[in-house]
file my_file_23.txt (compact mmCIF, C-alpha atoms)
# COMPACT_ATOMS: atom_id res chain seq x y z
CA MET A 27 -114.91 54.80 -71.08
CA THR A 28 -115.67 51.44 -69.58
CA ALA A 29 -115.62 51.15 -65.83
CA PRO A 30 -113.37 48.49 -64.43
CA ASP A 31 -114.84 45.33 -63.38
CA ALA A 32 -115.16 44.82 -59.76
CA ARG A 33 -114.02 41.17 -60.08
CA THR A 34 -110.79 42.12 -61.81
CA ALA A 35 -109.84 45.24 -59.87
CA PRO A 36 -107.33 44.66 -57.09
CA ALA A 37 -108.67 44.80 -53.69
CA ALA A 38 -107.53 47.68 -51.63
CA THR A 39 -105.24 46.77 -48.77
CA PRO A 40 -106.78 47.87 -45.57
CA THR A 41 -104.60 50.26 -43.63
CA PRO A 42 -104.43 49.39 -39.99
CA THR A 43 -105.55 52.09 -37.85
CA THR A 44 -104.33 52.66 -34.41
CA PRO A 45 -107.01 53.53 -32.08
CA ALA A 46 -106.28 56.75 -30.36
CA SER A 47 -106.73 57.42 -26.79
CA PRO A 48 -109.91 59.40 -26.35
CA ALA A 49 -108.28 61.72 -23.90
CA THR A 50 -104.94 62.55 -25.50
CA GLY A 51 -105.39 61.51 -29.07
CA ARG A 52 -102.22 59.23 -28.84
CA PRO A 53 -102.02 55.50 -29.48
CA SER A 54 -102.98 53.44 -26.49
CA ASP A 55 -100.48 51.44 -24.39
CA THR A 56 -101.94 48.15 -25.50
CA VAL A 57 -101.25 48.92 -29.11
CA ALA A 58 -97.66 50.09 -28.31
CA ARG A 59 -96.90 46.94 -26.41
CA SER A 60 -98.08 44.77 -29.26
CA LEU A 61 -95.56 46.41 -31.57
CA LEU A 62 -92.56 45.61 -29.28
CA VAL A 63 -90.29 42.59 -29.85
CA PRO A 64 -91.17 39.95 -27.37
CA VAL A 65 -88.41 39.31 -24.71
CA PRO A 66 -88.19 35.96 -23.00
CA GLU A 67 -88.93 35.96 -19.38
CA SER A 68 -85.95 35.94 -17.00
CA ARG A 69 -85.07 32.57 -15.38
CA PRO A 70 -84.30 32.25 -11.72
CA ALA A 71 -80.54 32.22 -10.92
CA GLU A 72 -79.01 28.75 -10.39
CA PRO A 73 -77.51 28.13 -6.98
CA ALA A 74 -73.64 28.40 -6.85
CA VAL A 75 -71.81 25.07 -6.56
CA ALA A 76 -68.72 25.11 -4.29
CA ALA A 77 -65.36 23.81 -5.75
CA PRO A 78 -64.00 20.51 -4.32
CA VAL A 79 -61.65 20.95 -1.34
CA LEU A 80 -58.96 18.41 -0.20
CA PRO A 81 -59.27 17.18 3.32
CA ALA A 82 -57.09 19.01 5.82
CA ARG A 83 -53.99 17.30 7.37
CA PRO A 84 -54.68 16.32 10.92
CA GLU A 85 -52.45 17.99 13.42
CA ALA A 86 -51.22 16.17 16.49
CA ALA A 87 -52.06 17.66 19.74
CA ARG A 88 -49.26 19.75 21.09
CA PRO A 89 -47.76 18.45 24.31
CA ALA A 90 -48.25 20.45 27.34
CA VAL A 91 -45.22 22.50 28.28
CA ARG A 92 -43.96 21.82 31.73
CA ALA A 93 -41.17 23.54 33.49
CA ALA A 94 -38.07 21.38 33.96
CA ALA A 95 -37.54 20.40 37.48
CA THR A 96 -34.09 21.04 38.88
CA PRO A 97 -32.48 17.69 39.80
CA ALA A 98 -31.53 17.41 43.35
CA PRO A 99 -27.85 16.90 44.15
CA VAL A 100 -26.82 13.38 45.12
CA GLU A 101 -25.75 12.87 48.68
CA GLY A 102 -22.16 11.70 48.77
CA GLY A 103 -21.79 11.85 44.95
CA THR A 104 -18.87 13.01 42.85
CA PRO A 105 -18.62 16.82 42.78
CA CYS A 106 -18.44 18.52 39.38
CA PRO A 107 -15.12 20.31 38.75
CA ALA A 108 -17.03 23.31 37.33
CA CYS A 109 -20.20 23.81 39.40
CA SER A 110 -19.19 21.69 42.43
CA LEU A 111 -22.60 19.95 42.54
CA ALA A 112 -22.59 16.27 43.37
CA ASN A 113 -23.39 13.75 40.62
CA THR A 114 -24.11 10.04 40.59
CA PRO A 115 -20.87 8.02 40.59
CA GLY A 116 -19.91 6.77 37.12
CA ARG A 117 -21.23 9.75 35.13
CA HIS A 118 -18.97 11.18 32.43
CA PHE A 119 -20.72 14.58 32.24
CA CYS A 120 -22.25 16.74 34.94
CA ARG A 121 -26.07 16.57 34.93
CA PHE A 122 -26.27 20.24 35.92
CA CYS A 123 -23.74 21.98 33.59
CA ALA A 124 -22.62 19.17 31.19
CA THR A 125 -18.94 19.61 32.13
CA PRO A 126 -16.79 16.44 31.74
CA MET A 127 -16.41 14.83 35.12
CA VAL A 128 -12.93 13.42 34.32
CA PRO A 129 -10.18 15.32 32.46
CA GLU A 130 -9.58 14.10 28.89
CA ARG A 131 -6.00 12.98 29.56
CA LEU A 132 -7.13 10.70 32.41
CA SER A 133 -10.24 9.14 30.82
CA THR A 134 -8.54 6.33 28.89
CA ALA A 135 -9.21 3.35 31.14
CA GLU A 136 -12.76 2.58 30.00
CA GLY A 137 -12.38 3.41 26.31
CA PRO A 138 -14.59 5.80 24.31
CA TYR A 139 -18.05 6.57 25.64
CA ALA A 140 -21.10 8.44 24.31
CA GLY A 141 -20.17 11.94 23.25
CA ARG A 142 -16.43 11.20 22.95
CA ARG A 143 -14.82 10.42 19.61
CA PRO A 144 -12.03 7.85 19.76
CA GLY A 145 -8.67 8.74 18.24
CA LEU A 146 -7.49 7.23 14.97
CA ALA A 147 -5.24 4.20 15.30
CA ARG A 148 -2.01 4.67 13.37
CA ASP A 149 0.55 2.04 12.51
CA ARG A 150 3.74 3.69 13.73
CA SER A 151 5.92 0.73 12.78
CA ARG A 152 5.27 1.36 9.07
CA VAL A 153 6.25 5.01 9.42
CA LEU A 154 9.38 4.00 11.33
CA VAL A 155 10.42 1.50 8.65
CA ARG A 156 9.96 4.07 5.90
CA ALA A 157 12.01 6.59 7.84
CA LEU A 158 14.82 4.08 8.35
CA VAL A 159 14.86 3.13 4.66
CA ALA A 160 14.96 6.78 3.63
CA ALA A 161 17.77 7.45 6.11
CA ALA A 162 19.75 4.48 4.77
CA VAL A 163 19.41 5.67 1.17
CA VAL A 164 20.47 9.18 2.13
CA ALA A 165 23.44 7.81 4.09
CA VAL A 166 24.59 5.71 1.14
CA VAL A 167 24.31 8.62 -1.29
CA VAL A 168 25.97 11.12 1.05
CA GLY A 169 28.71 8.63 1.91
CA GLY A 170 29.37 8.00 -1.75
CA VAL A 171 29.56 11.72 -2.51
CA PHE A 172 31.53 12.95 0.51
CA GLY A 173 33.40 9.80 1.51
CA GLY A 174 35.85 10.00 -1.37
CA PRO A 175 36.62 7.49 -4.11
CA PRO A 176 36.55 4.35 -1.87
CA ALA A 177 33.05 5.11 -0.65
CA ALA A 178 31.87 5.94 -4.16
CA ARG A 179 33.30 2.66 -5.46
CA ALA A 180 31.57 0.75 -2.66
CA VAL A 181 28.22 2.22 -3.71
CA GLN A 182 28.90 1.36 -7.35
CA ASP A 183 29.93 -2.21 -6.47
CA HIS A 184 26.75 -2.75 -4.44
CA PHE A 185 24.49 -1.93 -7.38
CA ALA A 186 26.73 -3.30 -10.15
CA THR A 187 25.67 -6.14 -12.45
CA ARG A 188 27.68 -9.30 -11.74
CA VAL A 189 28.99 -11.60 -14.46
CA PRO A 190 31.02 -14.85 -14.16
CA VAL A 191 34.80 -14.60 -14.40
CA HIS A 192 36.59 -17.79 -15.53
CA PRO A 193 40.15 -18.45 -14.33
CA VAL A 194 42.76 -19.56 -16.86
CA ALA A 195 44.92 -21.50 -14.38
CA TRP A 196 44.42 -23.50 -11.17
CA LEU A 197 47.14 -24.22 -8.58
CA ALA A 198 47.24 -25.81 -5.12
CA SER A 199 49.72 -26.25 -2.32
CA HIS A 200 49.02 -30.01 -2.39
CA SER A 201 46.45 -32.33 -3.99
CA ALA A 202 45.27 -35.92 -3.49
CA PRO A 203 45.75 -38.36 -6.36
CA LYS A 204 43.10 -37.80 -9.05
CA GLN A 205 41.82 -34.73 -7.18
CA ASP A 206 43.51 -31.98 -9.20
CA PRO A 207 42.86 -28.27 -8.46
CA LYS A 208 41.20 -27.77 -11.87
CA LEU A 209 38.32 -30.03 -10.73
CA ALA A 210 37.20 -27.17 -8.48
CA GLY A 211 36.44 -25.11 -11.59
CA ASP A 212 35.03 -27.65 -14.05
CA GLY A 213 31.38 -26.73 -13.35
CA TYR A 214 30.42 -30.10 -11.76
CA SER A 215 29.58 -30.47 -8.08
CA ASN A 216 30.35 -34.23 -7.96
CA THR A 217 34.04 -33.66 -8.77
CA TRP A 218 36.29 -32.00 -6.20
CA TRP A 219 39.74 -30.89 -5.15
CA GLY A 220 41.19 -32.58 -2.08
CA THR A 221 44.19 -31.53 0.01
CA GLY A 222 45.53 -35.11 0.29
CA TYR A 223 46.11 -34.59 4.02
CA ALA A 224 44.05 -35.86 6.95
CA GLY A 225 42.57 -33.56 9.54
CA ASP A 226 41.72 -29.89 8.97
CA SER A 227 44.60 -29.32 6.49
CA ALA A 228 45.37 -25.95 8.02
CA GLY A 229 47.60 -23.82 5.79
CA GLN A 230 46.83 -25.64 2.52
CA TYR A 231 45.48 -23.44 -0.27
CA LEU A 232 43.73 -23.53 -3.62
CA GLU A 233 44.62 -20.76 -6.10
CA ALA A 234 42.89 -19.42 -9.25
CA ARG A 235 44.51 -17.02 -11.72
CA PHE A 236 42.83 -14.70 -14.26
CA ALA A 237 44.04 -13.79 -17.73
CA GLU A 238 43.64 -10.03 -17.15
CA PRO A 239 42.82 -7.70 -14.25
CA THR A 240 39.16 -7.88 -13.26
CA ASP A 241 36.97 -6.08 -10.74
CA LEU A 242 36.18 -8.97 -8.39
CA LEU A 243 32.90 -8.66 -6.46
CA SER A 244 32.04 -12.07 -4.97
CA VAL A 245 33.01 -15.75 -4.77
CA LEU A 246 30.69 -18.79 -4.70
CA ILE A 247 32.04 -21.83 -2.85
CA THR A 248 30.52 -25.32 -2.80
CA PRO A 249 32.34 -27.22 -0.03
CA GLY A 250 32.75 -31.01 0.20
CA SER A 251 32.91 -33.84 -2.29
CA ALA A 252 29.24 -33.97 -3.36
CA LYS A 253 25.98 -32.00 -3.18
CA ASN A 254 25.09 -33.66 0.11
CA THR A 255 28.33 -32.97 1.93
CA THR A 256 26.98 -33.79 5.39
CA GLN A 257 26.82 -37.54 4.72
CA ALA A 258 28.90 -39.72 7.01
CA ASP A 259 30.92 -41.08 4.09
CA GLY A 260 31.61 -37.58 2.64
CA GLN A 261 34.89 -35.70 2.96
CA ALA A 262 35.51 -32.89 5.43
CA THR A 263 34.51 -29.36 4.44
CA PRO A 264 36.10 -25.93 5.08
CA GLN A 265 34.83 -24.10 8.14
CA THR A 266 37.07 -21.04 8.35
CA PHE A 267 39.48 -19.80 5.69
CA ASP A 268 41.23 -16.73 4.31
CA LEU A 269 40.86 -15.23 0.85
CA VAL A 270 44.06 -13.60 -0.38
CA VAL A 271 43.52 -11.51 -3.52
CA ARG A 272 46.48 -10.03 -5.43
CA ASP A 273 45.74 -7.06 -7.67
CA ALA A 274 47.59 -5.71 -10.74
CA ALA A 275 49.76 -3.46 -8.54
CA GLY A 276 51.01 -6.45 -6.54
CA GLU A 277 49.07 -5.51 -3.39
CA LEU A 278 47.51 -8.32 -1.34
CA HIS A 279 43.95 -8.03 0.00
CA VAL A 280 43.29 -10.52 2.83
CA SER A 281 39.80 -11.26 4.26
CA HIS A 282 38.67 -13.87 6.81
CA HIS A 283 35.46 -15.90 6.32
CA ARG A 284 33.38 -18.65 7.89
CA ILE A 285 30.85 -20.85 6.06
CA ASP A 286 28.38 -23.61 6.92
CA ASP A 287 28.85 -27.34 6.41
CA GLY A 288 27.40 -27.93 2.95
CA GLY A 289 25.54 -26.05 0.24
CA THR A 290 26.70 -23.37 -2.18
CA GLN A 291 27.44 -20.13 -0.33
CA ARG A 292 28.44 -16.63 -1.43
CA VAL A 293 31.31 -14.58 -0.04
CA ASP A 294 31.62 -10.90 -1.00
CA VAL A 295 35.14 -9.81 -1.96
CA ARG A 296 35.39 -6.39 -3.62
CA VAL A 297 38.83 -5.88 -5.13
CA ARG A 298 39.66 -3.80 -8.20
CA ASP A 299 42.02 -5.18 -10.87
CA ALA A 300 42.32 -8.63 -9.26
CA LEU A 301 44.75 -11.09 -10.89
CA SER A 302 44.62 -14.12 -8.55
CA VAL A 303 42.69 -15.50 -5.57
CA GLN A 304 43.94 -17.96 -2.94
CA LEU A 305 41.64 -19.89 -0.58
CA VAL A 306 43.78 -20.71 2.49
CA LEU A 307 42.25 -23.32 4.84
CA ARG A 308 42.22 -22.75 8.62
CA THR A 309 39.66 -25.12 10.22
CA ALA A 310 37.30 -27.79 8.88
CA TRP A 311 33.91 -29.35 9.59
CA ARG A 312 34.01 -33.07 10.47
CA ALA A 313 37.82 -33.19 10.41
CA ASP A 314 38.91 -36.81 10.76
CA PRO A 315 42.19 -38.72 10.38
CA ARG A 316 40.52 -40.80 7.69
CA LYS A 317 39.18 -37.82 5.69
CA GLN A 318 40.58 -34.86 3.81
CA VAL A 319 39.16 -31.38 3.25
CA ALA A 320 37.44 -31.10 -0.12
CA VAL A 321 36.11 -28.23 -2.27
CA ALA A 322 33.68 -29.16 -5.05
CA GLU A 323 33.35 -25.79 -6.82
CA LEU A 324 34.89 -22.33 -6.62
CA GLU A 325 33.22 -19.68 -8.85
CA PHE A 326 34.11 -15.99 -9.30
CA PHE A 327 31.96 -13.01 -10.27
CA GLY A 328 33.06 -9.56 -11.36
CA ARG A 329 31.62 -6.27 -12.57
CA SER A 330 29.96 -6.17 -15.96
CA VAL A 331 31.80 -3.91 -18.41
CA SER A 332 28.70 -3.28 -20.59
call {"tool": "encode", "arguments": {"input": "my_file_23.txt", "output": "structure tokens"}}
result
Amino acid sequence: MTAPDARTAPAATPTPTTPASPATGRPSDTVARSLLVPVPESRPAEPAVAAPVLPARPEAARPAVRAAATPAPVEGGTPCPACSLANTPGRHFCRFCATPMVPERLSTAEGPYAGRRPGLARDRSRVLVRALVAAAVVAVVVGGVFGGPPAARAVQDHFATRVPVHPVAWLASHSAPKQDPKLAGDGYSNTWWGTGYAGDSAGQYLEARFAEPTDLLSVLITPGSAKNTTQADGQATPQTFDLVVRDAAGELHVSHHRIDDGGTQRVDVRVRDALSVQLVLRTAWRADPRKQVAVAELEFFGRSVS
């Protein structure tokens, strides 16, 4: 058998040997420490950094507390009605107990002052007008309900719708030539009826007749011979007169009226079932021996049947 060659044989791995302690036979401390995993050395602790802090709000210095001095009473001043201590003249409240120096019902001469609230100003006239209007409405309604048929008819006539009523015939006690009664109802103010007599023509009348009974409410009269009846060359105009209304039952309703000199004017005449109306002259404006009383237009209005 051939011995292995020393050049080809593997070299034996040396086994480390741990030197033993000569006293105990155990491995030494130096060898044990070399086998431990190295631990990094501890670093010194970093100093703590304080968190940022907002600046504090400055506080004002507190005022020193002093005891309130008691005010001395005023010699010869106005005494307080509550504490009887004298106050300076003109004060509204006592400087010792704050009581009003003048009663509320007497302190109205100088107007409101500090600490006193002025009263609210109210318009009493408006309240009074409203109360009067309400009372008038209530009176009309109550009168119409409890006053019987005449009162109820008066309320109805006041609020009724008015429509023109055209006469079918015109008559007169006397007329001037070419001044017929029908000219008072032709719708033109520059044509007129004249009495034909000088002066005030007292007792002369102009009459209008209707075709059927109508509820007459008012009459419009335009006195004189033209629109401007106050001209010196114009005729005289009625001043006072009577309206005589005959109804379907033959009863006469007489009313007395007064109008101004010139201009169309309304006269209220409330008659049920009227058949004719007479305007009877009494006195005249600008009556003159050389003039006659003239009426330019006479218009009638009754209740609407619709």
call {"tool": "residues_around", "arguments": {"input": "my_file_23.txt", "residues": "Gly250 of chain A", "least_positions_apart": "5", "cutoff": "7 Å", "atoms": "all atoms listed in the file", "output": "ChimeraX atom specification"}}
result
/A:255,261-263,288,320-322
call {"tool": "residues_around", "arguments": {"input": "my_file_23.txt", "residues": "segment 222-225 of chain A", "least_positions_apart": "5", "cutoff": "6 Å", "atoms": "all atoms listed in the file", "output": "ChimeraX atom specification"}}
result
/A:201-202,313-315,317-318
call {"tool": "residues_near_point", "arguments": {"input": "my_file_23.txt", "point": "(34.2, -16.4, 1.4)", "cutoff": "12 Å", "atoms": "all atoms listed in the file", "output": "PyMOL selection string"}}
result
chain A and resi 243-249+264-271+280-286+290-296+303-307+324-326
call {"tool": "atom_distance", "arguments": {"input": "my_file_23.txt", "atom1": "atom CA of Gly103 of chain A", "atom2": "atom CA of Arg117 of chain A"}}
result
10.1 Å
call {"tool": "closest_residue", "arguments": {"input": "my_file_23.txt", "among": "A:Leu301, A:Cys109, A:Val91, A:Ala162", "to": "Val191 of chain A", "atoms": "only C-alpha atoms"}}
result
A:Leu301
call {"tool": "residues_around", "arguments": {"input": "my_file_23.txt", "residues": "Ala108 of chain A", "least_positions_apart": "2", "cutoff": "12 Å", "atoms": "all atoms listed in the file", "output": "ChimeraX atom specification"}}
result
/A:104-106,110-113,119-129
call {"tool": "write_last_selection", "arguments": {"input": "my_file_23.txt", "atoms": "C-alpha atoms", "output": "tab-separated table (two decimals), keeping the file's coordinate frame"}}
result
chain	number	residue	atom	x	y	z
A	104	THR	CA	-18.87	13.01	42.85
A	105	PRO	CA	-18.62	16.82	42.78
A	106	CYS	CA	-18.44	18.52	39.38
A	110	SER	CA	-19.19	21.69	42.43
A	111	LEU	CA	-22.60	19.95	42.54
A	112	ALA	CA	-22.59	16.27	43.37
A	113	ASN	CA	-23.39	13.75	40.62
A	119	PHE	CA	-20.72	14.58	32.24
A	120	CYS	CA	-22.25	16.74	34.94
A	121	ARG	CA	-26.07	16.57	34.93
A	122	PHE	CA	-26.27	20.24	35.92
A	123	CYS	CA	-23.74	21.98	33.59
A	124	ALA	CA	-22.62	19.17	31.19
A	125	THR	CA	-18.94	19.61	32.13
A	126	PRO	CA	-16.79	16.44	31.74
A	127	MET	CA	-16.41	14.83	35.12
A	128	VAL	CA	-12.93	13.42	34.32
A	129	PRO	CA	-10.18	15.32	32.46
call {"tool": "atom_distance", "arguments": {"input": "my_file_23.txt", "atom1": "atom CA of Ala160 of chain A", "atom2": "atom CA of Arg188 of chain A"}}
result
25.6 Å
call {"tool": "closest_residue", "arguments": {"input": "my_file_23.txt", "among": "A:Asp287, A:Glu85, A:Glu101, A:Glu323", "to": "Pro207 of chain A", "atoms": "only C-alpha atoms"}}
result
A:Glu323
call {"tool": "atom_distance", "arguments": {"input": "my_file_23.txt", "atom1": "atom CA of Ala300 of chain A", "atom2": "atom CA of Ser251 of chain A"}}
result
27.8 Å
call {"tool": "closest_residue", "arguments": {"input": "my_file_23.txt", "among": "A:Gln205, A:Gln230, A:Thr217, A:Ser151", "to": "Arg308 of chain A", "atoms": "all atoms listed in the file"}}
result
A:Gln230
call {"tool": "closest_residue", "arguments": {"input": "my_file_23.txt", "among": "A:Pro89, A:Pro84, A:Gly102, A:Gly220", "to": "Leu232 of chain A", "atoms": "all atoms listed in the file"}}
result
A:Gly220
